[in-house]
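A.B. asks: Questions regarding the structure given below will be posed in turn.
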Amino acid sequence: MRAREHGELGGVRLRLGGVGYAAASEPAGYLLAAVVEGGEVAMRVRGRDFTLGPDDGMLFPMRHPFLGEYGRSTMGAVSLPLAYVAEQAEAESGLPAADLRFEGALPVSEATRRHWSATGMFLSRQLTAPGVDLPPLIAGQLRRLGALSLLSVFPNTTMTAARTPADGRVAPAVVRRAVEFMETNPDWPLTVAAIAAEAGVGSRGLQVAFRRHLGLTPMEHLRRVRLERVHRELRAASPGDGVTVRETARRWGFANPGRFAADYRAVYGQPPSRTLRV
């Protein structure tokens, strides 16, 4: 077993073999979601039995004990505090954070099962890689990816509750304050809630204002700001100073090299490696 924590985000890699392994687990004080990579796992939760095979995922209950028989299997798991996931739910859907409840253990559809299989494996491997210290921006991006994945995969009240009405018209001054805050502090692990608080508006109001006045979300704008910082550093680099595209992008929160390169080319009309050479 390998387990590591990066602030509020935790990852576990578990490989079992040689003997049958059964465990009775107490309720967790956080959200814990797993994906089976190999073998078979049998679970009993609140009187219901689940059998999970390769690429199946499950969200463990926070307030109920559960039984598991794991046999010869390989699993990855991700843990997050409910409060953080609820904050993301409010920012994305408008549902008050206090109203978030997860109502089921299994993905809501075949498509979301496949999504969680890929995402859960990716997160657990990134978080537990030996000898790797994640930069704060990367850890923040992975934490948000994990939260949004749980919200989109496992049954919860953002899927069933009526959406709150859109906020009234928000003054462009709010957008200017938020943009200035992001451009001044792009190296901070910013969240929608933190940006909204600095701008003097609720998370939902900030989302509405950005879509109305800029045509994008606050986090999309923050990504553009960080992309510009990468561009600036690559242009300023000198031959022999050790600057690389991969490390510069990683430091600014771009964990996926392929997606970063595509976004960079779309904005600047050339691959980042060419900017570094010029």
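How things are named: the first chain in the structure tokens is A, the next is B, and so on; residues count from 1 in each chain; ligands count from 1 in the order shown.
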When you look at stretch 228-237 of chain A with a cut-off of 10 Å (counting only C-alpha atoms), what residues show up, excluding the ones that are within fewer than 3 positions of it in the same chain? I need them as a PDB file with all heavy atoms, in the first residue's frame.

C.D. replies:
```pdb
ATOM      1  N   GLU A 183      -4.947  38.348 -11.556  1.00  0.00           N
ATOM      2  CA  GLU A 183      -3.722  38.745 -12.256  1.00  0.00           C
ATOM      3  C   GLU A 183      -2.617  39.144 -11.292  1.00  0.00           C
ATOM      4  O   GLU A 183      -1.442  39.057 -11.628  1.00  0.00           O
ATOM      5  CB  GLU A 183      -4.038  39.893 -13.212  1.00  0.00           C
ATOM      6  CG  GLU A 183      -4.915  39.450 -14.385  1.00  0.00           C
ATOM      7  CD  GLU A 183      -5.224  40.569 -15.345  1.00  0.00           C
ATOM      8  OE1 GLU A 183      -4.957  41.740 -14.995  1.00  0.00           O
ATOM      9  OE2 GLU A 183      -5.743  40.277 -16.452  1.00  0.00           O
ATOM     10  N   PRO A 186      -1.618  35.066  -9.419  1.00  0.00           N
ATOM     11  CA  PRO A 186      -1.873  33.840 -10.200  1.00  0.00           C
ATOM     12  C   PRO A 186      -1.168  32.614  -9.650  1.00  0.00           C
ATOM     13  O   PRO A 186      -1.530  31.485  -9.995  1.00  0.00           O
ATOM     14  CB  PRO A 186      -1.347  34.199 -11.590  1.00  0.00           C
ATOM     15  CG  PRO A 186      -0.264  35.195 -11.327  1.00  0.00           C
ATOM     16  CD  PRO A 186      -0.765  36.009 -10.155  1.00  0.00           C
ATOM     17  N   ASP A 187      -0.149  32.827  -8.785  1.00  0.00           N
ATOM     18  CA  ASP A 187       0.578  31.699  -8.226  1.00  0.00           C
ATOM     19  C   ASP A 187      -0.055  31.162  -6.952  1.00  0.00           C
ATOM     20  O   ASP A 187       0.435  30.197  -6.374  1.00  0.00           O
ATOM     21  CB  ASP A 187       2.032  32.100  -7.946  1.00  0.00           C
ATOM     22  CG  ASP A 187       2.142  33.326  -7.054  1.00  0.00           C
ATOM     23  OD1 ASP A 187       1.207  34.152  -7.046  1.00  0.00           O
ATOM     24  OD2 ASP A 187       3.173  33.478  -6.368  1.00  0.00           O
ATOM     25  N   LEU A 222      -8.716  32.392 -15.085  1.00  0.00           N
ATOM     26  CA  LEU A 222      -7.493  32.172 -14.321  1.00  0.00           C
ATOM     27  C   LEU A 222      -6.519  31.298 -15.111  1.00  0.00           C
ATOM     28  O   LEU A 222      -5.303  31.541 -15.095  1.00  0.00           O
ATOM     29  CB  LEU A 222      -7.834  31.507 -12.987  1.00  0.00           C
ATOM     30  CG  LEU A 222      -6.652  31.196 -12.064  1.00  0.00           C
ATOM     31  CD1 LEU A 222      -5.887  32.471 -11.711  1.00  0.00           C
ATOM     32  CD2 LEU A 222      -7.131  30.489 -10.795  1.00  0.00           C
ATOM     33  N   ARG A 223      -7.036  30.317 -15.812  1.00  0.00           N
ATOM     34  CA  ARG A 223      -6.169  29.471 -16.641  1.00  0.00           C
ATOM     35  C   ARG A 223      -5.495  30.303 -17.724  1.00  0.00           C
ATOM     36  O   ARG A 223      -4.303  30.108 -18.018  1.00  0.00           O
ATOM     37  CB  ARG A 223      -6.992  28.340 -17.260  1.00  0.00           C
ATOM     38  CG  ARG A 223      -6.173  27.341 -18.055  1.00  0.00           C
ATOM     39  CD  ARG A 223      -7.036  26.218 -18.573  1.00  0.00           C
ATOM     40  NE  ARG A 223      -6.277  25.297 -19.416  1.00  0.00           N
ATOM     41  CZ  ARG A 223      -5.559  24.291 -18.975  1.00  0.00           C
ATOM     42  NH1 ARG A 223      -5.508  24.034 -17.685  1.00  0.00           N
ATOM     43  NH2 ARG A 223      -4.898  23.500 -19.810  1.00  0.00           N
ATOM     44  N   ARG A 224      -6.220  31.237 -18.317  1.00  0.00           N
ATOM     45  CA  ARG A 224      -5.623  32.106 -19.336  1.00  0.00           C
ATOM     46  C   ARG A 224      -4.527  32.987 -18.738  1.00  0.00           C
ATOM     47  O   ARG A 224      -3.492  33.223 -19.359  1.00  0.00           O
ATOM     48  CB  ARG A 224      -6.703  32.975 -19.974  1.00  0.00           C
ATOM     49  CG  ARG A 224      -7.686  32.201 -20.838  1.00  0.00           C
ATOM     50  CD  ARG A 224      -8.614  33.131 -21.573  1.00  0.00           C
ATOM     51  NE  ARG A 224      -9.585  32.403 -22.380  1.00  0.00           N
ATOM     52  CZ  ARG A 224     -10.465  32.984 -23.188  1.00  0.00           C
ATOM     53  NH1 ARG A 224     -10.492  34.308 -23.285  1.00  0.00           N
ATOM     54  NH2 ARG A 224     -11.320  32.248 -23.887  1.00  0.00           N
ATOM     55  N   VAL A 225      -4.772  33.492 -17.534  1.00  0.00           N
ATOM     56  CA  VAL A 225      -3.764  34.322 -16.867  1.00  0.00           C
ATOM     57  C   VAL A 225      -2.491  33.510 -16.640  1.00  0.00           C
ATOM     58  O   VAL A 225      -1.370  33.993 -16.889  1.00  0.00           O
ATOM     59  CB  VAL A 225      -4.314  34.858 -15.527  1.00  0.00           C
ATOM     60  CG1 VAL A 225      -3.211  35.532 -14.719  1.00  0.00           C
ATOM     61  CG2 VAL A 225      -5.457  35.837 -15.772  1.00  0.00           C
ATOM     62  N   GLY A 240      20.826  27.855 -22.186  1.00  0.00           N
ATOM     63  CA  GLY A 240      21.703  27.358 -21.141  1.00  0.00           C
ATOM     64  C   GLY A 240      21.250  27.634 -19.723  1.00  0.00           C
ATOM     65  O   GLY A 240      21.938  27.236 -18.776  1.00  0.00           O
ATOM     66  N   ASP A 241      20.113  28.316 -19.537  1.00  0.00           N
ATOM     67  CA  ASP A 241      19.693  28.615 -18.159  1.00  0.00           C
ATOM     68  C   ASP A 241      18.827  27.512 -17.553  1.00  0.00           C
ATOM     69  O   ASP A 241      18.352  27.636 -16.420  1.00  0.00           O
ATOM     70  CB  ASP A 241      18.969  29.950 -18.080  1.00  0.00           C
ATOM     71  CG  ASP A 241      17.701  30.000 -18.912  1.00  0.00           C
ATOM     72  OD1 ASP A 241      17.295  28.948 -19.441  1.00  0.00           O
ATOM     73  OD2 ASP A 241      17.112  31.091 -19.030  1.00  0.00           O
ATOM     74  N   GLY A 242      18.611  26.425 -18.299  1.00  0.00           N
ATOM     75  CA  GLY A 242      17.915  25.275 -17.737  1.00  0.00           C
ATOM     76  C   GLY A 242      16.401  25.336 -17.770  1.00  0.00           C
ATOM     77  O   GLY A 242      15.731  24.433 -17.259  1.00  0.00           O
ATOM     78  N   VAL A 243      15.831  26.365 -18.371  1.00  0.00           N
ATOM     79  CA  VAL A 243      14.377  26.478 -18.436  1.00  0.00           C
ATOM     80  C   VAL A 243      13.828  25.439 -19.409  1.00  0.00           C
ATOM     81  O   VAL A 243      14.339  25.288 -20.520  1.00  0.00           O
ATOM     82  CB  VAL A 243      13.960  27.895 -18.871  1.00  0.00           C
ATOM     83  CG1 VAL A 243      12.448  27.966 -19.100  1.00  0.00           C
ATOM     84  CG2 VAL A 243      14.368  28.911 -17.812  1.00  0.00           C
ATOM     85  N   THR A 244      12.802  24.714 -18.986  1.00  0.00           N
ATOM     86  CA  THR A 244      12.137  23.748 -19.859  1.00  0.00           C
ATOM     87  C   THR A 244      10.643  24.060 -19.920  1.00  0.00           C
ATOM     88  O   THR A 244      10.077  24.643 -18.986  1.00  0.00           O
ATOM     89  CB  THR A 244      12.310  22.304 -19.355  1.00  0.00           C
ATOM     90  OG1 THR A 244      11.607  22.136 -18.116  1.00  0.00           O
ATOM     91  CG2 THR A 244      13.785  21.974 -19.154  1.00  0.00           C
ATOM     92  N   VAL A 245      10.033  23.677 -21.029  1.00  0.00           N
ATOM     93  CA  VAL A 245       8.593  23.895 -21.186  1.00  0.00           C
ATOM     94  C   VAL A 245       7.828  23.112 -20.127  1.00  0.00           C
ATOM     95  O   VAL A 245       6.911  23.636 -19.483  1.00  0.00           O
ATOM     96  CB  VAL A 245       8.135  23.476 -22.593  1.00  0.00           C
ATOM     97  CG1 VAL A 245       6.611  23.477 -22.679  1.00  0.00           C
ATOM     98  CG2 VAL A 245       8.730  24.401 -23.650  1.00  0.00           C
ATOM     99  N   GLU A 247       8.608  21.884 -17.083  1.00  0.00           N
ATOM    100  CA  GLU A 247       8.684  22.355 -15.700  1.00  0.00           C
ATOM    101  C   GLU A 247       8.033  23.721 -15.523  1.00  0.00           C
ATOM    102  O   GLU A 247       7.412  23.994 -14.492  1.00  0.00           O
ATOM    103  CB  GLU A 247      10.141  22.388 -15.233  1.00  0.00           C
ATOM    104  CG  GLU A 247      10.730  21.013 -14.971  1.00  0.00           C
ATOM    105  CD  GLU A 247       9.911  20.210 -13.977  1.00  0.00           C
ATOM    106  OE1 GLU A 247       9.526  20.772 -12.943  1.00  0.00           O
ATOM    107  OE2 GLU A 247       9.635  19.028 -14.250  1.00  0.00           O
ATOM    108  N   THR A 248       8.166  24.588 -16.517  1.00  0.00           N
ATOM    109  CA  THR A 248       7.525  25.903 -16.431  1.00  0.00           C
ATOM    110  C   THR A 248       6.012  25.750 -16.409  1.00  0.00           C
ATOM    111  O   THR A 248       5.317  26.370 -15.591  1.00  0.00           O
ATOM    112  CB  THR A 248       7.950  26.786 -17.611  1.00  0.00           C
ATOM    113  OG1 THR A 248       9.382  26.887 -17.638  1.00  0.00           O
ATOM    114  CG2 THR A 248       7.354  28.180 -17.473  1.00  0.00           C
ATOM    115  N   ALA A 249       5.492  24.915 -17.300  1.00  0.00           N
ATOM    116  CA  ALA A 249       4.043  24.687 -17.335  1.00  0.00           C
ATOM    117  C   ALA A 249       3.558  24.047 -16.041  1.00  0.00           C
ATOM    118  O   ALA A 249       2.520  24.437 -15.486  1.00  0.00           O
ATOM    119  CB  ALA A 249       3.688  23.804 -18.529  1.00  0.00           C
ATOM    120  N   ARG A 250       4.298  23.096 -15.546  1.00  0.00           N
ATOM    121  CA  ARG A 250       3.907  22.396 -14.309  1.00  0.00           C
ATOM    122  C   ARG A 250       3.865  23.361 -13.131  1.00  0.00           C
ATOM    123  O   ARG A 250       2.951  23.305 -12.298  1.00  0.00           O
ATOM    124  CB  ARG A 250       4.895  21.257 -14.051  1.00  0.00           C
ATOM    125  CG  ARG A 250       4.589  20.418 -12.816  1.00  0.00           C
ATOM    126  CD  ARG A 250       5.604  19.297 -12.700  1.00  0.00           C
ATOM    127  NE  ARG A 250       5.471  18.565 -11.459  1.00  0.00           N
ATOM    128  CZ  ARG A 250       4.615  17.577 -11.258  1.00  0.00           C
ATOM    129  NH1 ARG A 250       3.816  17.203 -12.230  1.00  0.00           N
ATOM    130  NH2 ARG A 250       4.555  16.943 -10.108  1.00  0.00           N
ATOM    131  N   ARG A 251       4.847  24.246 -13.064  1.00  0.00           N
ATOM    132  CA  ARG A 251       4.885  25.205 -11.951  1.00  0.00           C
ATOM    133  C   ARG A 251       3.677  26.129 -11.956  1.00  0.00           C
ATOM    134  O   ARG A 251       3.212  26.600 -10.911  1.00  0.00           O
ATOM    135  CB  ARG A 251       6.177  26.024 -12.013  1.00  0.00           C
ATOM    136  CG  ARG A 251       6.395  26.879 -10.760  1.00  0.00           C
ATOM    137  CD  ARG A 251       7.769  27.509 -10.737  1.00  0.00           C
ATOM    138  NE  ARG A 251       7.974  28.454 -11.819  1.00  0.00           N
ATOM    139  CZ  ARG A 251       8.691  28.217 -12.902  1.00  0.00           C
ATOM    140  NH1 ARG A 251       9.292  27.056 -13.054  1.00  0.00           N
ATOM    141  NH2 ARG A 251       8.831  29.116 -13.855  1.00  0.00           N
ATOM    142  N   TRP A 252       3.124  26.403 -13.143  1.00  0.00           N
ATOM    143  CA  TRP A 252       1.962  27.274 -13.254  1.00  0.00           C
ATOM    144  C   TRP A 252       0.648  26.501 -13.280  1.00  0.00           C
ATOM    145  O   TRP A 252      -0.398  27.060 -13.623  1.00  0.00           O
ATOM    146  CB  TRP A 252       2.092  28.173 -14.489  1.00  0.00           C
ATOM    147  CG  TRP A 252       3.055  29.294 -14.252  1.00  0.00           C
ATOM    148  CD1 TRP A 252       4.312  29.411 -14.748  1.00  0.00           C
ATOM    149  CD2 TRP A 252       2.830  30.440 -13.429  1.00  0.00           C
ATOM    150  NE1 TRP A 252       4.897  30.563 -14.286  1.00  0.00           N
ATOM    151  CE2 TRP A 252       4.006  31.219 -13.476  1.00  0.00           C
ATOM    152  CE3 TRP A 252       1.758  30.893 -12.658  1.00  0.00           C
ATOM    153  CZ2 TRP A 252       4.134  32.415 -12.780  1.00  0.00           C
ATOM    154  CZ3 TRP A 252       1.884  32.081 -11.961  1.00  0.00           C
ATOM    155  CH2 TRP A 252       3.059  32.830 -12.032  1.00  0.00           C
ATOM    156  N   GLY A 253       0.688  25.222 -12.908  1.00  0.00           N
ATOM    157  CA  GLY A 253      -0.548  24.485 -12.708  1.00  0.00           C
ATOM    158  C   GLY A 253      -1.045  23.671 -13.881  1.00  0.00           C
ATOM    159  O   GLY A 253      -2.169  23.165 -13.841  1.00  0.00           O
ATOM    160  N   PHE A 254      -0.243  23.516 -14.944  1.00  0.00           N
ATOM    161  CA  PHE A 254      -0.673  22.754 -16.106  1.00  0.00           C
ATOM    162  C   PHE A 254      -0.097  21.338 -16.003  1.00  0.00           C
ATOM    163  O   PHE A 254       1.054  21.097 -16.375  1.00  0.00           O
ATOM    164  CB  PHE A 254      -0.219  23.445 -17.395  1.00  0.00           C
ATOM    165  CG  PHE A 254      -0.823  24.812 -17.576  1.00  0.00           C
ATOM    166  CD1 PHE A 254      -0.131  25.949 -17.178  1.00  0.00           C
ATOM    167  CD2 PHE A 254      -2.092  24.954 -18.119  1.00  0.00           C
ATOM    168  CE1 PHE A 254      -0.688  27.212 -17.340  1.00  0.00           C
ATOM    169  CE2 PHE A 254      -2.657  26.210 -18.282  1.00  0.00           C
ATOM    170  CZ  PHE A 254      -1.960  27.338 -17.885  1.00  0.00           C
ATOM    171  N   TYR A 264      -1.869  26.349 -25.576  1.00  0.00           N
ATOM    172  CA  TYR A 264      -0.826  27.339 -25.877  1.00  0.00           C
ATOM    173  C   TYR A 264      -0.827  27.671 -27.367  1.00  0.00           C
ATOM    174  O   TYR A 264      -0.778  28.846 -27.759  1.00  0.00           O
ATOM    175  CB  TYR A 264       0.524  26.792 -25.446  1.00  0.00           C
ATOM    176  CG  TYR A 264       1.646  27.815 -25.498  1.00  0.00           C
ATOM    177  CD1 TYR A 264       2.010  28.527 -24.367  1.00  0.00           C
ATOM    178  CD2 TYR A 264       2.334  28.066 -26.682  1.00  0.00           C
ATOM    179  CE1 TYR A 264       3.033  29.467 -24.410  1.00  0.00           C
ATOM    180  CE2 TYR A 264       3.343  28.998 -26.744  1.00  0.00           C
ATOM    181  CZ  TYR A 264       3.696  29.698 -25.608  1.00  0.00           C
ATOM    182  OH  TYR A 264       4.702  30.631 -25.654  1.00  0.00           O
ATOM    183  N   VAL A 267      -3.693  29.931 -28.469  1.00  0.00           N
ATOM    184  CA  VAL A 267      -3.595  31.335 -28.082  1.00  0.00           C
ATOM    185  C   VAL A 267      -2.450  32.040 -28.795  1.00  0.00           C
ATOM    186  O   VAL A 267      -2.592  33.164 -29.284  1.00  0.00           O
ATOM    187  CB  VAL A 267      -3.421  31.455 -26.550  1.00  0.00           C
ATOM    188  CG1 VAL A 267      -3.170  32.914 -26.146  1.00  0.00           C
ATOM    189  CG2 VAL A 267      -4.662  30.937 -25.831  1.00  0.00           C
ATOM    190  N   TYR A 268      -1.284  31.372 -28.881  1.00  0.00           N
ATOM    191  CA  TYR A 268      -0.078  32.054 -29.374  1.00  0.00           C
ATOM    192  C   TYR A 268       0.346  31.628 -30.781  1.00  0.00           C
ATOM    193  O   TYR A 268       1.332  32.145 -31.310  1.00  0.00           O
ATOM    194  CB  TYR A 268       1.074  31.829 -28.389  1.00  0.00           C
ATOM    195  CG  TYR A 268       0.784  32.442 -27.039  1.00  0.00           C
ATOM    196  CD1 TYR A 268       0.452  31.635 -25.946  1.00  0.00           C
ATOM    197  CD2 TYR A 268       0.791  33.822 -26.858  1.00  0.00           C
ATOM    198  CE1 TYR A 268       0.161  32.193 -24.713  1.00  0.00           C
ATOM    199  CE2 TYR A 268       0.495  34.388 -25.623  1.00  0.00           C
ATOM    200  CZ  TYR A 268       0.181  33.563 -24.568  1.00  0.00           C
ATOM    201  OH  TYR A 268      -0.122  34.122 -23.347  1.00  0.00           O
ATOM    202  N   PRO A 272       4.830  25.746 -27.567  1.00  0.00           N
ATOM    203  CA  PRO A 272       5.658  26.421 -26.551  1.00  0.00           C
ATOM    204  C   PRO A 272       7.149  26.181 -26.757  1.00  0.00           C
ATOM    205  O   PRO A 272       7.964  27.039 -26.400  1.00  0.00           O
ATOM    206  CB  PRO A 272       5.153  25.813 -25.245  1.00  0.00           C
ATOM    207  CG  PRO A 272       4.444  24.552 -25.625  1.00  0.00           C
ATOM    208  CD  PRO A 272       3.882  24.789 -26.969  1.00  0.00           C
ATOM    209  N   SER A 273       7.519  25.039 -27.324  1.00  0.00           N
ATOM    210  CA  SER A 273       8.938  24.776 -27.555  1.00  0.00           C
ATOM    211  C   SER A 273       9.543  25.783 -28.523  1.00  0.00           C
ATOM    212  O   SER A 273      10.717  26.155 -28.392  1.00  0.00           O
ATOM    213  CB  SER A 273       9.117  23.348 -28.097  1.00  0.00           C
ATOM    214  OG  SER A 273       8.352  23.166 -29.278  1.00  0.00           O
ATOM    215  N   ARG A 274       8.753  26.269 -29.478  1.00  0.00           N
ATOM    216  CA  ARG A 274       9.274  27.258 -30.419  1.00  0.00           C
ATOM    217  C   ARG A 274       9.469  28.611 -29.729  1.00  0.00           C
ATOM    218  O   ARG A 274      10.431  29.310 -29.987  1.00  0.00           O
ATOM    219  CB  ARG A 274       8.331  27.418 -31.605  1.00  0.00           C
ATOM    220  CG  ARG A 274       8.838  28.426 -32.639  1.00  0.00           C
ATOM    221  CD  ARG A 274       7.960  28.451 -33.884  1.00  0.00           C
ATOM    222  NE  ARG A 274       7.962  27.142 -34.542  1.00  0.00           N
ATOM    223  CZ  ARG A 274       7.193  26.833 -35.576  1.00  0.00           C
ATOM    224  NH1 ARG A 274       6.349  27.739 -36.074  1.00  0.00           N
ATOM    225  NH2 ARG A 274       7.264  25.648 -36.132  1.00  0.00           N
ATOM    226  N   THR A 275       8.547  28.967 -28.835  1.00  0.00           N
ATOM    227  CA  THR A 275       8.700  30.199 -28.070  1.00  0.00           C
ATOM    228  C   THR A 275       9.991  30.167 -27.265  1.00  0.00           C
ATOM    229  O   THR A 275      10.724  31.143 -27.190  1.00  0.00           O
ATOM    230  CB  THR A 275       7.517  30.399 -27.114  1.00  0.00           C
ATOM    231  OG1 THR A 275       6.301  30.431 -27.866  1.00  0.00           O
ATOM    232  CG2 THR A 275       7.650  31.711 -26.336  1.00  0.00           C
ATOM    233  N   LEU A 276      10.286  29.013 -26.694  1.00  0.00           N
ATOM    234  CA  LEU A 276      11.493  28.881 -25.881  1.00  0.00           C
ATOM    235  C   LEU A 276      12.760  29.013 -26.714  1.00  0.00           C
ATOM    236  O   LEU A 276      13.764  29.568 -26.241  1.00  0.00           O
ATOM    237  CB  LEU A 276      11.479  27.522 -25.152  1.00  0.00           C
ATOM    238  CG  LEU A 276      12.650  27.229 -24.204  1.00  0.00           C
ATOM    239  CD1 LEU A 276      12.695  28.258 -23.089  1.00  0.00           C
ATOM    240  CD2 LEU A 276      12.509  25.814 -23.626  1.00  0.00           C
ATOM    241  N   ARG A 277      12.730  28.572 -27.968  1.00  0.00           N
ATOM    242  CA  ARG A 277      13.921  28.629 -28.817  1.00  0.00           C
ATOM    243  C   ARG A 277      14.136  30.024 -29.391  1.00  0.00           C
ATOM    244  O   ARG A 277      15.264  30.388 -29.721  1.00  0.00           O
ATOM    245  CB  ARG A 277      13.819  27.619 -29.956  1.00  0.00           C
ATOM    246  CG  ARG A 277      13.926  26.168 -29.522  1.00  0.00           C
ATOM    247  CD  ARG A 277      14.221  25.295 -30.727  1.00  0.00           C
ATOM    248  NE  ARG A 277      13.205  25.408 -31.746  1.00  0.00           N
ATOM    249  CZ  ARG A 277      12.142  24.621 -31.845  1.00  0.00           C
ATOM    250  NH1 ARG A 277      11.975  23.665 -30.949  1.00  0.00           N
ATOM    251  NH2 ARG A 277      11.273  24.761 -32.813  1.00  0.00           N
ATOM    252  N   VAL A 278      13.065  30.780 -29.611  1.00  0.00           N
ATOM    253  CA  VAL A 278      13.183  32.081 -30.312  1.00  0.00           C
ATOM    254  C   VAL A 278      13.991  33.050 -29.465  1.00  0.00           C
ATOM    255  O   VAL A 278      13.772  33.164 -28.273  1.00  0.00           O
ATOM    256  CB  VAL A 278      11.769  32.646 -30.610  1.00  0.00           C
ATOM    257  CG1 VAL A 278      11.896  34.059 -31.150  1.00  0.00           C
ATOM    258  CG2 VAL A 278      11.079  31.758 -31.605  1.00  0.00           C
TER     259      VAL A 278
END
```

A.B. asks: Would you please give, as a ChimeraX atom specification, all residues of stretch 9-214 of chain A that DSSP assigns to strand (DSSP E or B) based on the backbone?

C.D. replies: /A:9-16,22-25,31-39,41-45,48-52,57-60,66-69,73-80,102,156

A.B. asks: At what distance in Å, to one decimal, does atom CA of A:Met62 lie from atom CA of A:Glu87?

C.D. replies: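 That distance, rounded to one decimal, is 17.3 Å.
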
A.B. asks: What gap, in Å, lies between atom CA of A:Phe154 and atom CA of A:Gly258?

C.D. replies: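 Interatomic distance here is 27.7 Å.
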
A.B. asks: Show me, as a list in words, the residues that have an atom within 10 Å of A:Gly68 when counting only C-alpha atoms, minus same-chain residues fewer than 5 positions from it.

C.D. replies: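 So, after excluding close chain neighbours, the residues are Tyr21, Ala22, Ala23, Ala24, Ser25, Val41, Ala42, Met43, Arg44, Val45, Asp49, Phe50 and Thr51 of chain A.
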
A.B. asks: Please run DSSP on the backbone and report, as JSON, numbers by chain, all residues within stretch 168-239 of chain A that come out as helix (DSSP H, G or I).

C.D. replies: {"A": [172, 173, 174, 175, 176, 177, 178, 179, 180, 181, 182, 183, 184, 192, 193, 194, 195, 196, 197, 198, 199, 203, 204, 205, 206, 207, 208, 209, 210, 211, 212, 213, 218, 219, 220, 221, 222, 223, 224, 225, 226, 227, 228, 229, 230, 231, 232, 233, 234, 235, 236]}

A.B. asks: Expressed in Å to a single decimal, how great is the separation between atom CA of A:Met58 and atom CA of A:Val19?

C.D. replies: 22.9 Å

A.B. asks: Considering only C-alpha atoms, can you say which of A:Pro257, A:Leu206, A:Glu40, A:Thr119 comes closest to A:Arg143?

C.D. replies: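 Counting only C-alpha atoms, the residue closest to A:Arg143 is A:Thr119.
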